$ cat upload03.tsv   # TSV, C-alpha atoms
chain	number	residue	atom	x	y	z
A	252	MET	CA	-12.54	148.27	-142.78
A	253	GLU	CA	-13.61	145.94	-140.01
A	254	THR	CA	-14.29	146.44	-136.29
A	255	LEU	CA	-13.40	143.64	-133.89
A	256	THR	CA	-13.84	143.45	-130.11
A	257	PHE	CA	-12.11	141.22	-127.59
A	258	ASP	CA	-12.37	140.86	-123.79
A	259	TYR	CA	-9.87	139.28	-121.42
A	260	PRO	CA	-9.82	138.84	-117.64
A	261	GLY	CA	-7.22	141.16	-116.06
A	262	SER	CA	-6.33	142.42	-112.60
A	263	GLN	CA	-3.45	144.92	-112.84
A	264	PRO	CA	-4.67	148.52	-113.18
A	265	VAL	CA	-3.10	150.86	-115.75
A	266	ALA	CA	-1.09	153.68	-114.14
A	267	HIS	CA	-1.24	156.23	-116.98
A	268	HIS	CA	-2.88	156.70	-120.33
A	269	ALA	CA	-0.56	155.82	-123.20
A	270	HIS	CA	-0.78	156.62	-126.90
A	271	VAL	CA	1.69	155.09	-129.36
A	272	GLY	CA	1.99	154.77	-133.13
A	273	VAL	CA	0.42	156.42	-136.15
A	274	VAL	CA	-2.46	155.30	-138.40
A	275	GLY	CA	-0.15	155.14	-141.41
A	276	SER	CA	0.52	152.37	-143.92
A	277	GLY	CA	1.89	149.29	-142.15
A	278	ASP	CA	1.51	150.88	-138.73
A	279	LEU	CA	-1.23	151.39	-136.15
A	280	GLU	CA	-2.03	153.56	-133.18
A	281	ILE	CA	-2.89	152.23	-129.74
A	282	LEU	CA	-4.72	154.09	-127.00
A	283	LEU	CA	-4.27	152.35	-123.68
A	284	GLY	CA	-6.17	153.50	-120.59
A	285	PRO	CA	-7.76	152.24	-117.39
A	286	SER	CA	-10.64	149.76	-117.57
A	287	PRO	CA	-13.88	150.29	-115.61
A	288	ASP	CA	-13.84	146.67	-114.40
A	289	GLN	CA	-11.54	143.72	-113.82
A	290	GLN	CA	-11.20	143.03	-117.50
A	291	ALA	CA	-9.31	144.11	-120.55
A	292	HIS	CA	-11.51	145.46	-123.34
A	293	VAL	CA	-10.04	145.71	-126.80
A	294	ILE	CA	-11.60	147.42	-129.82
A	295	VAL	CA	-9.78	147.00	-133.10
A	296	ARG	CA	-10.61	149.00	-136.20
A	297	THR	CA	-8.56	147.66	-139.06
A	298	SER	CA	-8.31	148.66	-142.71
A	299	VAL	CA	-7.78	145.02	-143.72
A	300	ASP	CA	-10.83	142.73	-143.58
A	301	GLY	CA	-10.80	139.01	-142.75
A	302	PHE	CA	-7.94	138.80	-140.25
A	303	GLY	CA	-10.01	138.30	-137.08
A	304	GLU	CA	-8.27	135.03	-136.23
A	305	VAL	CA	-4.84	136.61	-136.54
A	306	TRP	CA	-5.87	139.50	-134.28
A	307	GLU	CA	-7.24	137.01	-131.78
A	308	ALA	CA	-3.98	135.04	-131.76
A	309	VAL	CA	-1.82	138.18	-131.29
A	310	LEU	CA	-4.06	139.55	-128.51
A	311	ASP	CA	-4.43	136.14	-126.79
A	312	ARG	CA	-0.67	135.89	-126.58
A	313	PHE	CA	-0.30	139.49	-125.33
A	314	PHE	CA	-2.91	139.15	-122.57
A	315	THR	CA	-1.56	135.74	-121.52
A	316	ARG	CA	1.74	137.49	-120.80
A	317	ASN	CA	0.30	140.76	-119.49
A	318	ASP	CA	-2.30	140.66	-116.73
A	319	LEU	CA	-3.91	144.04	-117.41
A	320	ALA	CA	-7.27	145.61	-116.61
A	321	ALA	CA	-7.08	148.02	-119.53
A	322	ALA	CA	-9.22	149.69	-122.16
A	323	VAL	CA	-7.37	149.31	-125.46
A	324	GLU	CA	-8.35	150.99	-128.71
A	325	ILE	CA	-6.46	150.08	-131.84
A	326	ASN	CA	-6.70	151.96	-135.12
A	327	ASP	CA	-4.85	149.82	-137.64
A	328	SER	CA	-3.60	150.58	-141.11
A	329	GLY	CA	-2.41	147.14	-142.14
A	330	ALA	CA	0.29	146.50	-139.53
A	331	THR	CA	1.86	143.03	-139.47
A	332	PRO	CA	1.34	140.84	-136.36
A	333	GLY	CA	4.95	141.56	-135.35
A	334	THR	CA	4.38	145.32	-135.49
A	335	VAL	CA	1.14	144.94	-133.51
A	336	ALA	CA	2.96	142.98	-130.78
A	337	LEU	CA	5.76	145.56	-130.58
A	338	ARG	CA	3.30	148.48	-130.40
A	339	LEU	CA	1.33	146.73	-127.63
A	340	ALA	CA	4.54	146.22	-125.64
A	341	GLN	CA	5.48	149.86	-126.24
A	342	ALA	CA	2.05	151.04	-125.04
A	343	VAL	CA	2.40	149.05	-121.80
A	344	GLU	CA	5.88	150.48	-121.25
A	345	GLU	CA	4.62	154.05	-121.83
A	346	SER	CA	1.72	153.51	-119.42
A	347	ARG	CA	4.18	152.70	-116.64
A	348	SER	CA	6.32	155.82	-117.04
B	158	MET	CA	41.39	166.69	-129.00
B	159	THR	CA	38.50	166.00	-131.34
B	160	PHE	CA	34.99	165.04	-130.50
B	161	PRO	CA	32.78	162.83	-132.61
B	162	ALA	CA	30.18	164.77	-134.57
B	163	ARG	CA	26.82	165.15	-132.88
B	164	PRO	CA	24.55	162.40	-134.21
B	165	LYS	CA	22.04	163.91	-136.58
B	166	THR	CA	18.33	163.46	-135.95
B	167	ARG	CA	16.27	163.87	-139.07
B	168	LEU	CA	12.99	165.69	-138.57
B	169	THR	CA	11.49	163.67	-141.43
B	170	GLU	CA	11.91	160.46	-139.44
B	171	LEU	CA	9.69	161.76	-136.63
B	172	SER	CA	5.92	161.61	-136.29
B	173	ALA	CA	3.96	164.87	-136.18
B	174	ARG	CA	3.75	164.71	-132.36
B	175	GLU	CA	7.48	164.04	-132.07
B	176	ARG	CA	8.24	166.87	-134.50
B	177	ALA	CA	6.24	169.37	-132.45
B	178	ALA	CA	7.95	168.26	-129.24
B	179	ALA	CA	11.39	168.33	-130.88
B	180	LEU	CA	11.04	171.90	-132.13
B	181	LEU	CA	9.71	173.43	-128.89
B	182	ASP	CA	12.01	174.23	-125.95
B	183	SER	CA	12.79	171.07	-124.02
B	184	GLY	CA	10.06	170.12	-121.56
B	185	THR	CA	7.57	172.81	-122.66
B	186	PHE	CA	5.48	170.65	-125.07
B	187	ARG	CA	1.83	170.59	-123.99
B	188	GLU	CA	-0.74	169.09	-126.34
B	189	LEU	CA	-4.21	170.60	-126.72
B	190	ILE	CA	-7.05	168.27	-127.77
B	191	GLY	CA	-4.76	165.26	-127.43
B	192	PRO	CA	-5.37	161.64	-128.46
B	193	PHE	CA	-7.63	160.80	-125.50
B	194	GLU	CA	-10.05	163.60	-126.39
B	195	ARG	CA	-10.79	161.32	-129.35
B	196	LEU	CA	-11.67	164.20	-131.63
B	197	GLU	CA	-11.65	162.04	-134.73
B	198	SER	CA	-13.32	162.52	-138.11
B	199	PRO	CA	-16.98	161.46	-138.11
B	200	HIS	CA	-16.87	160.93	-141.88
B	201	LEU	CA	-14.13	158.36	-142.42
B	202	GLU	CA	-15.54	155.27	-140.74
B	203	LEU	CA	-18.78	155.62	-142.75
B	204	GLN	CA	-16.63	155.43	-145.88
B	205	GLY	CA	-14.68	152.41	-144.70
B	206	VAL	CA	-11.56	154.31	-143.69
B	207	VAL	CA	-9.97	153.79	-140.27
B	208	PRO	CA	-9.92	157.14	-138.40
B	209	ALA	CA	-7.12	158.44	-136.17
B	210	CYS	CA	-7.84	159.66	-132.63
B	211	ASP	CA	-6.28	163.08	-133.37
B	212	ASP	CA	-7.50	163.23	-136.99
B	213	GLY	CA	-3.88	163.59	-138.05
B	214	VAL	CA	-3.19	167.03	-136.58
B	215	VAL	CA	-1.27	167.78	-133.41
B	216	VAL	CA	-1.91	171.11	-131.66
B	217	ALA	CA	0.91	171.84	-129.23
B	218	ARG	CA	1.59	174.84	-127.00
B	219	GLY	CA	5.07	175.45	-125.70
B	220	ASP	CA	7.97	177.87	-125.88
B	221	LEU	CA	10.50	178.83	-128.54
B	222	ASP	CA	13.49	180.41	-126.82
B	223	GLY	CA	11.24	181.12	-123.84
B	224	LYS	CA	8.60	182.88	-125.96
B	225	GLU	CA	5.12	181.41	-126.27
B	226	ALA	CA	4.38	179.43	-129.41
B	227	VAL	CA	1.75	177.14	-130.86
B	228	VAL	CA	2.88	174.37	-133.20
B	229	LEU	CA	0.37	172.85	-135.61
B	230	ALA	CA	1.82	169.64	-136.95
B	231	VAL	CA	0.12	167.66	-139.72
B	232	GLU	CA	0.80	163.90	-139.66
B	233	GLY	CA	1.78	163.08	-143.23
B	234	LEU	CA	1.49	159.34	-142.69
B	235	PHE	CA	-2.24	159.49	-141.88
B	236	GLN	CA	-4.27	159.82	-145.10
B	237	GLY	CA	-1.37	161.65	-146.74
B	238	GLY	CA	-1.82	164.53	-144.32
B	239	GLY	CA	-5.16	165.33	-145.97
B	240	ILE	CA	-7.14	168.09	-144.28
B	241	GLY	CA	-10.65	167.14	-143.21
B	242	GLU	CA	-13.36	168.87	-141.22
B	243	VAL	CA	-11.86	168.07	-137.80
B	244	SER	CA	-8.16	168.32	-138.57
B	245	GLY	CA	-8.80	171.58	-140.43
B	246	ALA	CA	-10.87	172.96	-137.57
B	247	LYS	CA	-8.07	172.13	-135.14
B	248	ILE	CA	-5.62	174.21	-137.19
B	249	ALA	CA	-8.06	177.06	-137.90
B	250	GLY	CA	-9.27	177.15	-134.28
B	251	ALA	CA	-5.73	177.28	-132.90
B	252	LEU	CA	-4.83	180.10	-135.32
B	253	GLU	CA	-7.99	182.01	-134.35
B	254	LEU	CA	-7.07	181.67	-130.66
B	255	ALA	CA	-3.57	182.93	-131.47
B	256	LEU	CA	-5.20	185.90	-133.26
B	257	ARG	CA	-7.33	186.67	-130.21
B	258	ASP	CA	-4.20	186.50	-128.03
B	259	ALA	CA	-2.25	188.74	-130.43
B	260	GLU	CA	-5.06	191.31	-130.53
B	261	SER	CA	-5.07	191.48	-126.74
B	262	GLY	CA	-1.33	192.18	-126.71
B	263	HIS	CA	-0.26	188.64	-125.91
B	264	PRO	CA	1.75	187.39	-128.92
B	265	VAL	CA	1.98	183.65	-129.52
B	266	CYS	CA	4.14	182.58	-132.47
B	267	PRO	CA	2.31	180.10	-134.74
B	268	VAL	CA	4.38	177.44	-136.49
B	269	LEU	CA	2.80	175.16	-139.10
B	270	LEU	CA	4.48	171.86	-139.92
B	271	LEU	CA	2.97	171.17	-143.33
B	272	GLU	CA	3.07	167.57	-144.55
B	273	THR	CA	-0.11	167.41	-146.54
B	274	GLY	CA	-1.55	166.55	-149.91
B	275	GLY	CA	-4.17	169.24	-149.33
B	276	ILE	CA	-7.89	168.59	-148.94
B	277	ARG	CA	-8.85	165.10	-147.75
B	278	LEU	CA	-10.94	163.84	-150.65
B	279	GLN	CA	-13.35	161.84	-148.44
B	280	GLU	CA	-14.47	165.08	-146.81
B	281	ALA	CA	-14.39	167.20	-149.96
B	282	ASN	CA	-16.37	170.38	-149.28
B	283	LEU	CA	-15.90	170.31	-145.52
B	284	GLY	CA	-12.16	170.07	-146.08
B	285	LEU	CA	-12.30	172.96	-148.55
B	286	LEU	CA	-14.22	175.06	-146.04
B	287	ALA	CA	-11.71	174.24	-143.30
B	288	VAL	CA	-8.77	175.16	-145.53
B	289	ALA	CA	-10.46	178.46	-146.41
B	290	GLU	CA	-10.78	179.17	-142.68
B	291	ILE	CA	-7.07	178.39	-142.26
B	292	HIS	CA	-6.21	180.84	-145.06
B	293	GLN	CA	-8.38	183.53	-143.50
B	294	ALA	CA	-6.84	182.99	-140.07
B	295	ILE	CA	-3.26	183.15	-141.41
B	296	VAL	CA	-3.96	186.42	-143.26
B	297	ALA	CA	-5.55	187.97	-140.15
B	298	LEU	CA	-2.79	186.73	-137.87
B	299	ARG	CA	0.28	187.58	-139.94
B	300	SER	CA	-0.02	191.32	-139.44
B	301	HIS	CA	0.38	190.77	-135.67
B	302	VAL	CA	2.91	187.93	-135.43
B	303	PRO	CA	5.04	186.11	-138.00
B	304	VAL	CA	3.34	182.89	-139.16
B	305	VAL	CA	6.06	180.32	-139.83
B	306	GLY	CA	5.53	177.43	-142.25
B	307	VAL	CA	7.87	174.44	-142.38
B	308	VAL	CA	7.84	171.96	-145.30
B	309	ALA	CA	10.38	169.35	-144.26
B	310	GLY	CA	9.12	166.26	-146.14
B	311	MET	CA	8.60	163.48	-146.90
B	312	VAL	CA	5.03	164.16	-148.05
B	313	GLY	CA	5.52	167.79	-149.01
B	314	CYS	CA	2.81	170.44	-149.13
B	315	PHE	CA	0.20	170.59	-151.87
B	316	GLY	CA	-3.26	171.79	-152.83
B	317	GLY	CA	-5.05	174.30	-150.63
B	318	MET	CA	-2.40	173.88	-147.97
B	319	ALA	CA	0.27	174.99	-150.45
B	320	ILE	CA	-1.74	178.22	-150.64
B	321	ALA	CA	-1.62	178.30	-146.82
B	322	ALA	CA	2.18	177.99	-147.07
B	323	GLY	CA	2.19	180.81	-149.63
B	324	LEU	CA	0.33	183.02	-147.15
B	325	CYS	CA	2.82	182.38	-144.33
B	326	SER	CA	5.22	185.15	-143.28
B	327	HIS	CA	8.22	182.83	-143.51
B	328	VAL	CA	8.52	179.46	-145.26
B	329	ILE	CA	11.30	177.06	-144.30
B	330	MET	CA	12.07	174.02	-146.46
B	331	THR	CA	14.50	171.14	-146.63
B	332	ARG	CA	15.88	169.65	-149.85
B	333	GLU	CA	13.51	166.74	-149.30
B	334	GLY	CA	10.47	169.00	-148.97
B	335	ARG	CA	8.27	169.75	-151.98
B	336	LEU	CA	5.84	172.60	-152.37
B	337	GLY	CA	3.30	172.98	-155.16
B	338	LEU	CA	-0.36	173.51	-155.90
B	339	ASN	CA	-0.68	170.17	-157.74
B	340	GLY	CA	1.47	167.21	-156.82
B	341	PRO	CA	3.48	165.55	-159.62
B	342	GLN	CA	1.19	162.52	-159.83
B	343	VAL	CA	-1.86	164.73	-160.26
B	344	VAL	CA	-0.12	166.71	-163.01
B	345	GLU	CA	0.82	163.49	-164.81
B	346	GLN	CA	-2.69	162.10	-164.43
B	347	GLU	CA	-4.37	165.25	-165.72
B	348	ALA	CA	-1.91	166.46	-168.38
B	349	GLY	CA	-0.11	163.27	-169.41
B	350	VAL	CA	3.35	161.86	-168.88
B	351	ALA	CA	4.74	164.15	-171.59
B	352	GLU	CA	3.91	167.13	-169.38
B	353	LEU	CA	5.51	165.68	-166.26
B	354	ASP	CA	6.86	162.20	-165.55
B	355	SER	CA	6.12	161.89	-161.83
B	356	ASP	CA	8.58	158.96	-161.56
B	357	ASP	CA	11.44	161.24	-162.64
B	358	ARG	CA	12.61	162.21	-159.17
B	359	ARG	CA	15.33	164.57	-160.39
B	360	LEU	CA	12.83	166.47	-162.52
B	361	VAL	CA	10.23	166.59	-159.73
B	362	TRP	CA	12.66	167.95	-157.14
B	363	GLU	CA	14.21	170.31	-159.66
B	364	THR	CA	10.73	171.74	-160.23
B	365	ILE	CA	9.09	171.83	-156.79
B	366	GLY	CA	11.81	170.73	-154.33
B	367	GLY	CA	13.02	172.89	-151.46
B	368	GLN	CA	16.26	173.98	-153.13
B	369	GLN	CA	14.44	175.21	-156.23
B	370	ARG	CA	11.65	176.85	-154.23
B	371	VAL	CA	14.13	178.82	-152.12
B	372	ALA	CA	16.29	179.71	-155.15
B	373	THR	CA	13.25	181.16	-156.93
B	374	GLY	CA	11.93	182.99	-153.86
B	375	VAL	CA	8.79	180.91	-153.35
B	376	ALA	CA	10.19	179.82	-149.98
B	377	ASP	CA	12.62	181.73	-147.74
B	378	VAL	CA	15.16	179.44	-146.11
B	379	LEU	CA	16.69	176.12	-147.12
B	380	VAL	CA	17.77	174.05	-144.13
B	381	GLU	CA	19.21	170.61	-143.65
B	382	ASP	CA	16.87	167.84	-142.50
B	383	ASP	CA	18.22	168.04	-138.95
B	384	VAL	CA	16.10	168.67	-135.87
B	385	ALA	CA	18.52	171.10	-134.21
B	386	MET	CA	19.08	173.12	-137.38
B	387	ILE	CA	15.38	173.31	-138.22
B	388	ALA	CA	14.56	174.30	-134.63
B	389	GLU	CA	17.15	177.09	-134.84
B	390	THR	CA	15.77	178.28	-138.19
B	391	VAL	CA	12.22	178.36	-136.80
B	392	ARG	CA	13.42	180.47	-133.84
B	393	THR	CA	15.21	182.86	-136.18
B	394	ALA	CA	12.05	183.22	-138.29
B	395	CYS	CA	9.90	183.94	-135.22
B	396	GLU	CA	12.50	186.46	-134.06
B	397	ALA	CA	12.59	188.13	-137.49
B	398	GLY	CA	9.03	189.30	-136.93
B	399	VAL	CA	6.46	190.43	-139.46
B	400	PRO	CA	7.92	190.98	-142.96
B	401	ALA	CA	7.68	194.48	-144.49
B	402	GLU	CA	5.58	193.05	-147.31
B	403	ASN	CA	4.17	189.54	-147.34
B	404	ARG	CA	4.93	187.38	-150.35
B	405	SER	CA	1.24	187.07	-151.29
B	406	ALA	CA	0.90	190.87	-151.27
B	407	GLN	CA	3.61	191.27	-153.93
B	408	VAL	CA	1.18	190.89	-156.81
B	409	GLY	CA	3.05	193.12	-159.24
B	410	ARG	CA	6.32	191.30	-158.65
B	411	TYR	CA	4.82	187.91	-159.42
B	412	GLU	CA	2.82	189.16	-162.39
B	413	ALA	CA	6.06	190.52	-163.85
B	414	ARG	CA	7.71	187.16	-163.25
B	415	LEU	CA	4.94	185.30	-165.05
B	416	ALA	CA	5.06	187.76	-167.94
B	417	ARG	CA	8.73	186.87	-168.46
B	418	ILE	CA	7.92	183.22	-169.15
B	419	ASP	CA	7.63	182.29	-172.82
B	420	VAL	CA	4.99	179.53	-172.74
B	421	SER	CA	5.94	178.33	-176.23
B	422	GLU	CA	9.29	177.12	-174.84
B	423	PRO	CA	9.57	174.50	-172.09
B	424	VAL	CA	11.04	175.99	-168.91
B	425	ASP	CA	12.95	173.62	-166.65
B	426	GLY	CA	14.21	174.23	-163.12
B	427	PRO	CA	17.59	175.83	-163.99
B	428	ALA	CA	15.97	177.96	-166.70
B	429	LEU	CA	13.40	179.29	-164.25
B	430	ARG	CA	16.13	180.19	-161.77
B	431	ALA	CA	17.96	182.14	-164.46
B	432	LEU	CA	14.74	183.83	-165.55
B	433	TRP	CA	13.86	185.00	-162.04
B	434	ASP	CA	17.40	185.56	-160.78
B	435	ASP	CA	17.36	189.36	-161.17
B	436	GLU	CA	15.07	189.57	-158.17
B	437	GLY	CA	17.58	187.87	-155.90
B	438	GLU	CA	18.51	191.14	-154.19
B	439	GLU	CA	15.06	191.34	-152.64
B	440	ARG	CA	15.95	188.56	-150.24
$ encode --input "upload03.tsv" --output "structure tokens"
Amino acid sequence: METLTFDYPGSQPVAHHAHVGVVGSGDLEILLGPSPDQQAHVIVRTSVDGFGEVWEAVLDRFFTRNDLAAAVEINDSGATPGTVALRLAQAVEESRS
Amino acid sequence: MTFPARPKTRLTELSARERAAALLDSGTFRELIGPFERLESPHLELQGVVPACDDGVVVARGDLDGKEAVVLAVEGLFQGGGIGEVSGAKIAGALELALRDAESGHPVCPVLLLETGGIRLQEANLGLLAVAEIHQAIVALRSHVPVVGVVAGMVGCFGGMAIAAGLCSHVIMTREGRLGLNGPQVVEQEAGVAELDSDDRRLVWETIGGQQRVATGVADVLVEDDVAMIAETVRTACEAGVPAENRSAQVGRYEARLARIDVSEPVDGPALRALWDDEGEER
């Protein structure tokens, strides 16, 4: 497994904690909560090594579209970039409700 | 005038958290030690395995028909539902709290949703210890309140947790569910493909599937893989109370059953049903 961290500038606070997904084959879980500062902090633990650039591309795109000051923890069990993007969108939706 | 049939929701398509919420009375689901407590296994990351924030077990309080219940749901998709130090302690701890409540005259019905391969191999002895604590807690608790086990699938229930199922007051299964001490792949690996071809799905389900397990009295109720029907069956089991004699206390009955098997002849699923059929009146 590999641990990756990413930081992004962000201004919109997170209303509620959100937890989505399962650490099961081809899926991942995301814990989304408030950030202590005006940034988004992402920690990814993934079962598949060597995909740092792909994670960076998926997260860059997500935080370009979502201006969030959030703490994001991802526990990944080999999800595809598409699944990661959908789970991130789901987590944001859950955090608003 | 006819109405379209109610769309069926399969329990097996839900995550452990969704299953717990679906079985409890609407709006009563309340998770204890939830994801943001981050009570994950301290052993997995050191072994290069990605942990889960709930260690694959959901502890939920809520009501069943207005009566207090605690649902312990194992997430079969995380590490095959394997029981480790933390996930096992969550189950054992919740059962011990239910025991304390029961002893002080405050019954809480425990429901175990068992989707597990048994002990999590990465945590070997700690998993074994946790499962032993679960066994002990079920045995202590079941004289006060019925302990209900559900094996819906798709993982099934194996290893030490199959013993936990065997200790439960009532065991509910679907056709998809499987219950056995050793899973088919383990049997094939240890005893050879001639003993059991784990790819032969018909043979596997005919041996350890829900229909066979209920027909031979190893489990109590066969129910369709449908949320509403399983929820109703769980309520009925809680309502039925403590059985007159628990399955695991019927030592003589099971010894007699084993004595009837001629080990020189292969016994398949239908043959076993015929062999043990004369005890059907006990259920």
$ interface_residues --input "upload03.tsv" --of "chain A" --to "chain B" --cutoff "6 Å" --atoms "only C-alpha atoms" --output "list in words"
Met252, Val274, Gly275 and Ser298 of chain A
$ closest_residue --input "upload03.tsv" --among "B:Thr185, B:Asn403, B:Thr364, B:Thr169" --to "Val304 of chain B" --atoms "only C-alpha atoms"
B:Asn403
$ residues_around --input "upload03.tsv" --residues "Ser262 of chain A" --least-positions-apart "3" --cutoff "7 Å" --atoms "all atoms listed in the file" --output "JSON, numbers by chain"
{"A": [289, 290, 318, 319, 320]}
$ residues_around --input "upload03.tsv" --residues "His270 of chain A" --least-positions-apart "2" --cutoff "10 Å" --atoms "only C-alpha atoms" --output "list in words"
His267, His268, Gly272, Val273, Glu280, Ile281, Leu282, Leu283, Gly284, Val323, Glu324, Ile325, Arg338, Gln341, Ala342, Val343, Glu345 and Ser346 of chain A; Gly191, Pro192, Phe193 and Cys210 of chain B
$ closest_residue --input "upload03.tsv" --among "A:Asn326, A:Thr331, A:Ser348, A:Thr315" --to "Ile294 of chain A" --atoms "all atoms listed in the file"
A:Asn326
$ atom_distance --input "upload03.tsv" --atom1 "atom CA of Gly245 of chain B" --atom2 "atom CA of Val214 of chain B"
8.2 Å
$ closest_residue --input "upload03.tsv" --among "A:Glu344, A:Asp278, A:Asp311, A:Asp258" --to "Val293 of chain A" --atoms "all atoms listed in the file"
A:Asp258
$ atom_distance --input "upload03.tsv" --atom1 "atom CA of Asn339 of chain B" --atom2 "atom CA of Val288 of chain B"
15.5 Å
$ decode --input "upload03.tsv" --residues "segment 292-311 of chain B" --atoms "N, CA and C atoms" --output "CSV table (one decimal), in the first residue's frame"
chain,number,residue,atom,x,y,z
B,292,HIS,N,-18.1,-15.6,21.3
B,292,HIS,CA,-18.8,-16.8,21.7
B,292,HIS,C,-19.3,-16.8,23.1
B,293,GLN,N,-18.4,-16.4,24.0
B,293,GLN,CA,-18.7,-16.3,25.4
B,293,GLN,C,-19.8,-15.4,25.7
B,294,ALA,N,-19.8,-14.2,25.0
B,294,ALA,CA,-20.9,-13.2,25.2
B,294,ALA,C,-22.2,-13.7,24.7
B,295,ILE,N,-22.2,-14.4,23.6
B,295,ILE,CA,-23.5,-14.9,23.0
B,295,ILE,C,-24.1,-16.0,24.0
B,296,VAL,N,-23.2,-16.9,24.5
B,296,VAL,CA,-23.7,-17.9,25.4
B,296,VAL,C,-24.3,-17.3,26.7
B,297,ALA,N,-23.6,-16.2,27.2
B,297,ALA,CA,-24.1,-15.6,28.4
B,297,ALA,C,-25.4,-14.8,28.2
B,298,LEU,N,-25.5,-14.3,27.0
B,298,LEU,CA,-26.6,-13.4,26.7
B,298,LEU,C,-27.9,-14.2,26.3
B,299,ARG,N,-27.7,-15.3,25.7
B,299,ARG,CA,-28.8,-16.0,25.1
B,299,ARG,C,-29.8,-16.6,26.1
B,300,SER,N,-29.4,-16.7,27.4
B,300,SER,CA,-30.4,-17.1,28.4
B,300,SER,C,-31.3,-16.0,28.8
B,301,HIS,N,-30.9,-14.7,28.5
B,301,HIS,CA,-31.7,-13.6,28.8
B,301,HIS,C,-32.6,-13.1,27.7
B,302,VAL,N,-32.0,-13.0,26.5
B,302,VAL,CA,-32.7,-12.5,25.3
B,302,VAL,C,-32.3,-13.4,24.1
B,303,PRO,N,-33.2,-13.5,23.1
B,303,PRO,CA,-32.8,-14.3,22.0
B,303,PRO,C,-31.7,-13.5,21.2
B,304,VAL,N,-30.7,-14.3,20.8
B,304,VAL,CA,-29.6,-13.7,20.0
B,304,VAL,C,-29.9,-14.2,18.6
B,305,VAL,N,-30.1,-13.2,17.7
B,305,VAL,CA,-30.5,-13.5,16.3
B,305,VAL,C,-29.4,-13.4,15.3
B,306,GLY,N,-29.1,-14.4,14.6
B,306,GLY,CA,-28.0,-14.4,13.6
B,306,GLY,C,-28.7,-14.4,12.2
B,307,VAL,N,-28.1,-13.6,11.3
B,307,VAL,CA,-28.6,-13.5,9.9
B,307,VAL,C,-27.5,-13.8,9.0
B,308,VAL,N,-27.6,-14.8,8.1
B,308,VAL,CA,-26.6,-15.1,7.1
B,308,VAL,C,-27.2,-14.9,5.7
B,309,ALA,N,-27.1,-13.7,5.2
B,309,ALA,CA,-27.9,-13.4,4.0
B,309,ALA,C,-27.0,-13.6,2.7
B,310,GLY,N,-25.7,-13.5,2.8
B,310,GLY,CA,-24.9,-13.6,1.6
B,310,GLY,C,-24.4,-12.2,1.3
B,311,MET,N,-23.5,-11.9,0.4
B,311,MET,CA,-23.0,-13.0,-0.5
B,311,MET,C,-21.7,-13.7,0.0
